[in-house]
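Report on the structure given below.
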Amino acid sequence: NSSAASDVYKRQMVKDGFKVKCVEVLSWVDVGRPHDLLKANIIALLERLKTCQHNLGKGRVVTQGISLMGSNVKLGNGVEIQAPVYIGDNCVVEEGCRIGPFTCLGDNSYIGANSVVACSVIMENSIVKEGVFIENSIVGEGCTIKNGVKIKGGIPATLLARKFKVNKPATRQISPDMLGAVMGEGVTIESHVEIKARTLIPPFRVINGKGCNFG
């Protein structure tokens, strides 16, 4: 029974010291597959987050919509937040970045200058350096993505976002061929690597090769 196996796994995670968090949503989504996890992230952002009330300061832009930011978040000049977005505690987003829509940055994430992260989940303690482009992707905990990396989705993030900006968004589907990359924890992608759509990268891999394609 897959449900029972999932419960055993969760209990073991708690026993091993992992922090397990939950978010209440109005629509049920099975997150057993990466594209379902991306959809669940989108639905949670649409249903549960409140309007961001943070004073973001001169030179920073927040588009209309629902966003939420944790404590001690630092945003550089010219940062554009395309809601809905969640930014966790102690995150740093450097100048000239565009974050969103439908994007989550886990606690202690770092996004380098002039990077774009759209329709993606960046998990805790990950580093995205300068001039990186990521869309429709899931980045595991503790990953490092170096300067100039490009990770493109099977469809542009703008089209994926458009699918959910409708009534009853939970009825919309994300298929595997829409994804960019799905990477496990501790992955390092060296500078200027281009990752093809629908790429799965196992944990702790190092992807090398200036200007190369991986996928």
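Here, A, B, ... name the chains of the structure tokens in the order displayed, residue numbers run from 1 inside each chain, and ligands are numbered from 1 in the same displayed order.
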
Please, which residues in stretch 107-185 of chain A fall within 12 Å of stretch 74-80 of chain A when counting only C-alpha atoms, and what is the closest atom pair and distance in Å to one decimal for each, ordered by chain then residue number, as a Markdown table?
```
| residue | atom | partner | partner_atom | distance |
| --- | --- | --- | --- | --- |
| A:Asn108 | CA | A:Lys74 | CA | 10.7 |
| A:Ser109 | CA | A:Lys74 | CA | 10.7 |
| A:Tyr110 | CA | A:Lys74 | CA | 9.6 |
| A:Ile111 | CA | A:Leu75 | CA | 9.6 |
| A:Gly112 | CA | A:Gly76 | CA | 9.8 |
| A:Ala113 | CA | A:Gly76 | CA | 8.3 |
| A:Asn114 | CA | A:Val79 | CA | 8.5 |
| A:Ser115 | CA | A:Val79 | CA | 9.6 |
| A:Val116 | CA | A:Glu80 | CA | 9.5 |
| A:Val117 | CA | A:Glu80 | CA | 10.7 |
| A:Ala118 | CA | A:Glu80 | CA | 11.4 |
```

For C-alpha atoms, I'd like the residues from the last selection saved as an mmCIF file, in the first residue's frame.
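Result file is selection_7.cif:
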```
data_model
loop_
_atom_site.group_PDB
_atom_site.id
_atom_site.type_symbol
_atom_site.label_atom_id
_atom_site.label_comp_id
_atom_site.auth_asym_id
_atom_site.auth_seq_id
_atom_site.Cartn_x
_atom_site.Cartn_y
_atom_site.Cartn_z
ATOM 1 C CA ASN A 108 18.566 30.358 3.151
ATOM 2 C CA SER A 109 18.512 30.401 -0.651
ATOM 3 C CA TYR A 110 20.755 32.777 -2.581
ATOM 4 C CA ILE A 111 19.943 34.129 -6.055
ATOM 5 C CA GLY A 112 22.779 35.978 -7.782
ATOM 6 C CA ALA A 113 22.482 39.196 -9.785
ATOM 7 C CA ASN A 114 20.479 39.301 -13.025
ATOM 8 C CA SER A 115 19.096 35.791 -12.677
ATOM 9 C CA VAL A 116 15.603 34.618 -13.634
ATOM 10 C CA VAL A 117 13.672 31.936 -11.746
ATOM 11 C CA ALA A 118 10.145 31.227 -13.021
#
```

Requested in this report: Quick one: everything within 7 Å of stretch 144-149 of chain A, counting only C-alpha atoms, minus sequence neighbours fewer than 4 positions away in the same chain. Send it as JSON, numbers by chain.
Outcome: {"A": [126, 127, 128, 129, 130, 131, 132, 133, 187, 188, 189, 190, 191, 192, 193, 194]}

Only N, CA and C atoms, please: the residues just picked out, written as an mmCIF file, in the first residue's frame.
```
data_model
loop_
_atom_site.group_PDB
_atom_site.id
_atom_site.type_symbol
_atom_site.label_atom_id
_atom_site.label_comp_id
_atom_site.auth_asym_id
_atom_site.auth_seq_id
_atom_site.Cartn_x
_atom_site.Cartn_y
_atom_site.Cartn_z
ATOM 1 N N SER A 126 20.118 26.418 -1.182
ATOM 2 C CA SER A 126 20.662 26.337 -2.533
ATOM 3 C C SER A 126 21.219 27.690 -2.971
ATOM 4 N N ILE A 127 22.201 27.633 -3.864
ATOM 5 C CA ILE A 127 22.878 28.828 -4.367
ATOM 6 C C ILE A 127 22.718 28.875 -5.878
ATOM 7 N N VAL A 128 22.143 29.959 -6.353
ATOM 8 C CA VAL A 128 22.029 30.227 -7.787
ATOM 9 C C VAL A 128 22.861 31.470 -8.057
ATOM 10 N N LYS A 129 23.883 31.346 -8.869
ATOM 11 C CA LYS A 129 24.804 32.461 -9.049
ATOM 12 C C LYS A 129 24.335 33.410 -10.154
ATOM 13 N N GLU A 130 25.220 34.252 -10.676
ATOM 14 C CA GLU A 130 24.821 35.354 -11.552
ATOM 15 C C GLU A 130 24.409 34.877 -12.944
ATOM 16 N N GLY A 131 23.402 35.597 -13.493
ATOM 17 C CA GLY A 131 23.018 35.408 -14.879
ATOM 18 C C GLY A 131 22.454 34.044 -15.201
ATOM 19 N N VAL A 132 21.803 33.406 -14.248
ATOM 20 C CA VAL A 132 21.227 32.076 -14.439
ATOM 21 C C VAL A 132 19.771 32.204 -14.875
ATOM 22 N N PHE A 133 19.329 31.272 -15.713
ATOM 23 C CA PHE A 133 17.933 31.220 -16.153
ATOM 24 C C PHE A 133 17.377 29.852 -15.812
ATOM 25 N N VAL A 187 23.410 18.803 -5.864
ATOM 26 C CA VAL A 187 23.910 18.853 -7.246
ATOM 27 C C VAL A 187 24.688 20.147 -7.473
ATOM 28 N N THR A 188 25.766 20.067 -8.266
ATOM 29 C CA THR A 188 26.505 21.251 -8.699
ATOM 30 C C THR A 188 26.491 21.297 -10.223
ATOM 31 N N ILE A 189 26.068 22.431 -10.773
ATOM 32 C CA ILE A 189 26.120 22.640 -12.219
ATOM 33 C C ILE A 189 27.124 23.739 -12.490
ATOM 34 N N GLU A 190 28.166 23.405 -13.222
ATOM 35 C CA GLU A 190 29.244 24.352 -13.471
ATOM 36 C C GLU A 190 28.799 25.455 -14.442
ATOM 37 N N SER A 191 29.601 26.503 -14.540
ATOM 38 C CA SER A 191 29.240 27.711 -15.285
ATOM 39 C C SER A 191 28.928 27.427 -16.750
ATOM 40 N N HIS A 192 27.885 28.093 -17.238
ATOM 41 C CA HIS A 192 27.530 28.168 -18.656
ATOM 42 C C HIS A 192 27.068 26.843 -19.253
ATOM 43 N N VAL A 193 26.699 25.894 -18.415
ATOM 44 C CA VAL A 193 26.094 24.663 -18.912
ATOM 45 C C VAL A 193 24.639 24.927 -19.270
ATOM 46 N N GLU A 194 24.172 24.338 -20.354
ATOM 47 C CA GLU A 194 22.772 24.422 -20.751
ATOM 48 C C GLU A 194 22.117 23.069 -20.504
#
```

Query raised in the report: So how many Å separate atom CA of A:Ile138 and atom CA of A:Glu47, to one decimal?
Result: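 Between these atoms lies a distance of 20.4 Å.
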
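Residues in contact range of A:Pro202, defined as at most 9 Å between only C-alpha atoms, with sequence neighbours fewer than 5 positions away removed, read Val182, Met183, Gly184, Glu185 and Val187 of chain A.
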
Those residues you just picked out, can you put them in a file as a short mmCIF file (atom, residue, chain, number, x, y, z; two decimals), in the first residue's frame with N, CA and C atoms?
```cif
data_model
loop_
_atom_site.label_atom_id
_atom_site.label_comp_id
_atom_site.auth_asym_id
_atom_site.auth_seq_id
_atom_site.Cartn_x
_atom_site.Cartn_y
_atom_site.Cartn_z
N VAL A 182 14.81 18.40 -13.07
CA VAL A 182 14.48 17.96 -11.72
C VAL A 182 15.78 17.41 -11.15
N MET A 183 16.30 18.05 -10.12
CA MET A 183 17.60 17.63 -9.59
C MET A 183 17.50 17.31 -8.10
N GLY A 184 18.24 16.29 -7.70
CA GLY A 184 18.29 15.90 -6.31
C GLY A 184 19.15 16.85 -5.49
N GLU A 185 19.29 16.54 -4.21
CA GLU A 185 20.05 17.41 -3.33
C GLU A 185 21.54 17.38 -3.68
N VAL A 187 23.41 18.80 -5.86
CA VAL A 187 23.91 18.85 -7.25
C VAL A 187 24.69 20.15 -7.47
#
```

Query raised in the report: What is the distance between atom CA of A:Lys196 and atom CA of A:Tyr86, in Å to one decimal?
Result: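 If I compute the distance from atom CA of A:Lys196 to atom CA of A:Tyr86, I get 25.7 Å.
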
Query raised in the report: What is the distance between atom CA of A:Leu105 and atom CA of A:Lys150, in Å to one decimal?
Result: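 One can read the atom CA of A:Leu105 to atom CA of A:Lys150 distance as 17.8 Å.
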
Give me, as a CSV table (one decimal) with N, CA and C atoms, in the first residue's frame, all polymer residues having an atom no more than 8 Å from A:Ile151, counting only C-alpha atoms and skipping those fewer than 6 positions away in the same chain.
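Generated output (part-v8.csv):
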```csv
chain,number,residue,atom,x,y,z
A,133,PHE,N,19.3,31.3,-15.7
A,133,PHE,CA,17.9,31.2,-16.2
A,133,PHE,C,17.4,29.9,-15.8
A,134,ILE,N,16.3,29.8,-15.0
A,134,ILE,CA,15.7,28.6,-14.6
A,134,ILE,C,14.2,28.7,-14.8
A,135,GLU,N,13.5,27.7,-15.5
A,135,GLU,CA,12.1,27.7,-15.6
A,135,GLU,C,11.6,26.3,-15.5
A,137,SER,N,11.2,24.1,-13.1
A,137,SER,CA,12.2,23.2,-12.6
A,137,SER,C,12.1,23.0,-11.1
A,180,GLY,N,11.4,21.5,-16.9
A,180,GLY,CA,12.8,21.8,-17.2
A,180,GLY,C,13.6,20.7,-16.6
A,181,ALA,N,14.3,21.0,-15.5
A,181,ALA,CA,15.2,20.0,-14.8
A,181,ALA,C,14.6,19.6,-13.5
A,194,GLU,N,24.2,24.3,-20.4
A,194,GLU,CA,22.8,24.4,-20.8
A,194,GLU,C,22.1,23.1,-20.5
A,195,ILE,N,21.1,23.1,-19.7
A,195,ILE,CA,20.4,21.8,-19.3
A,195,ILE,C,19.1,21.8,-20.2
A,196,LYS,N,19.0,20.7,-20.9
A,196,LYS,CA,17.8,20.5,-21.7
A,196,LYS,C,16.5,20.2,-20.9
A,197,ALA,N,15.4,20.5,-21.5
A,197,ALA,CA,14.1,20.2,-20.8
A,197,ALA,C,14.0,18.7,-20.5
```

Report task. Tell me which protein, DNA and RNA residues are within 7 Å of A:Gly88, counting only C-alpha atoms, leaving out same-chain ones fewer than 3 positions away, and put them as a count of residues only. Result -> 6

Given only C-alpha atoms, how would the per-residue table for stretch 62-100 of chain A near stretch 32-45 of chain A read, listing every residue at most 12 Å away with its closest atom pair and distance in Å to one decimal, sorted by chain and number, as a Markdown table?
```
| residue | atom | partner | partner_atom | distance |
| --- | --- | --- | --- | --- |
| A:Gly65 | CA | A:Leu45 | CA | 10.2 |
| A:Ile66 | CA | A:Leu45 | CA | 7.5 |
| A:Ser67 | CA | A:Leu45 | CA | 7.7 |
| A:Leu68 | CA | A:Leu45 | CA | 8.9 |
| A:Ala83 | CA | A:Leu45 | CA | 9.0 |
| A:Pro84 | CA | A:Leu45 | CA | 6.0 |
| A:Val85 | CA | A:Leu45 | CA | 6.9 |
| A:Tyr86 | CA | A:Leu45 | CA | 7.4 |
| A:Ile87 | CA | A:Leu45 | CA | 11.2 |
| A:Gly100 | CA | A:Ile42 | CA | 10.8 |
```
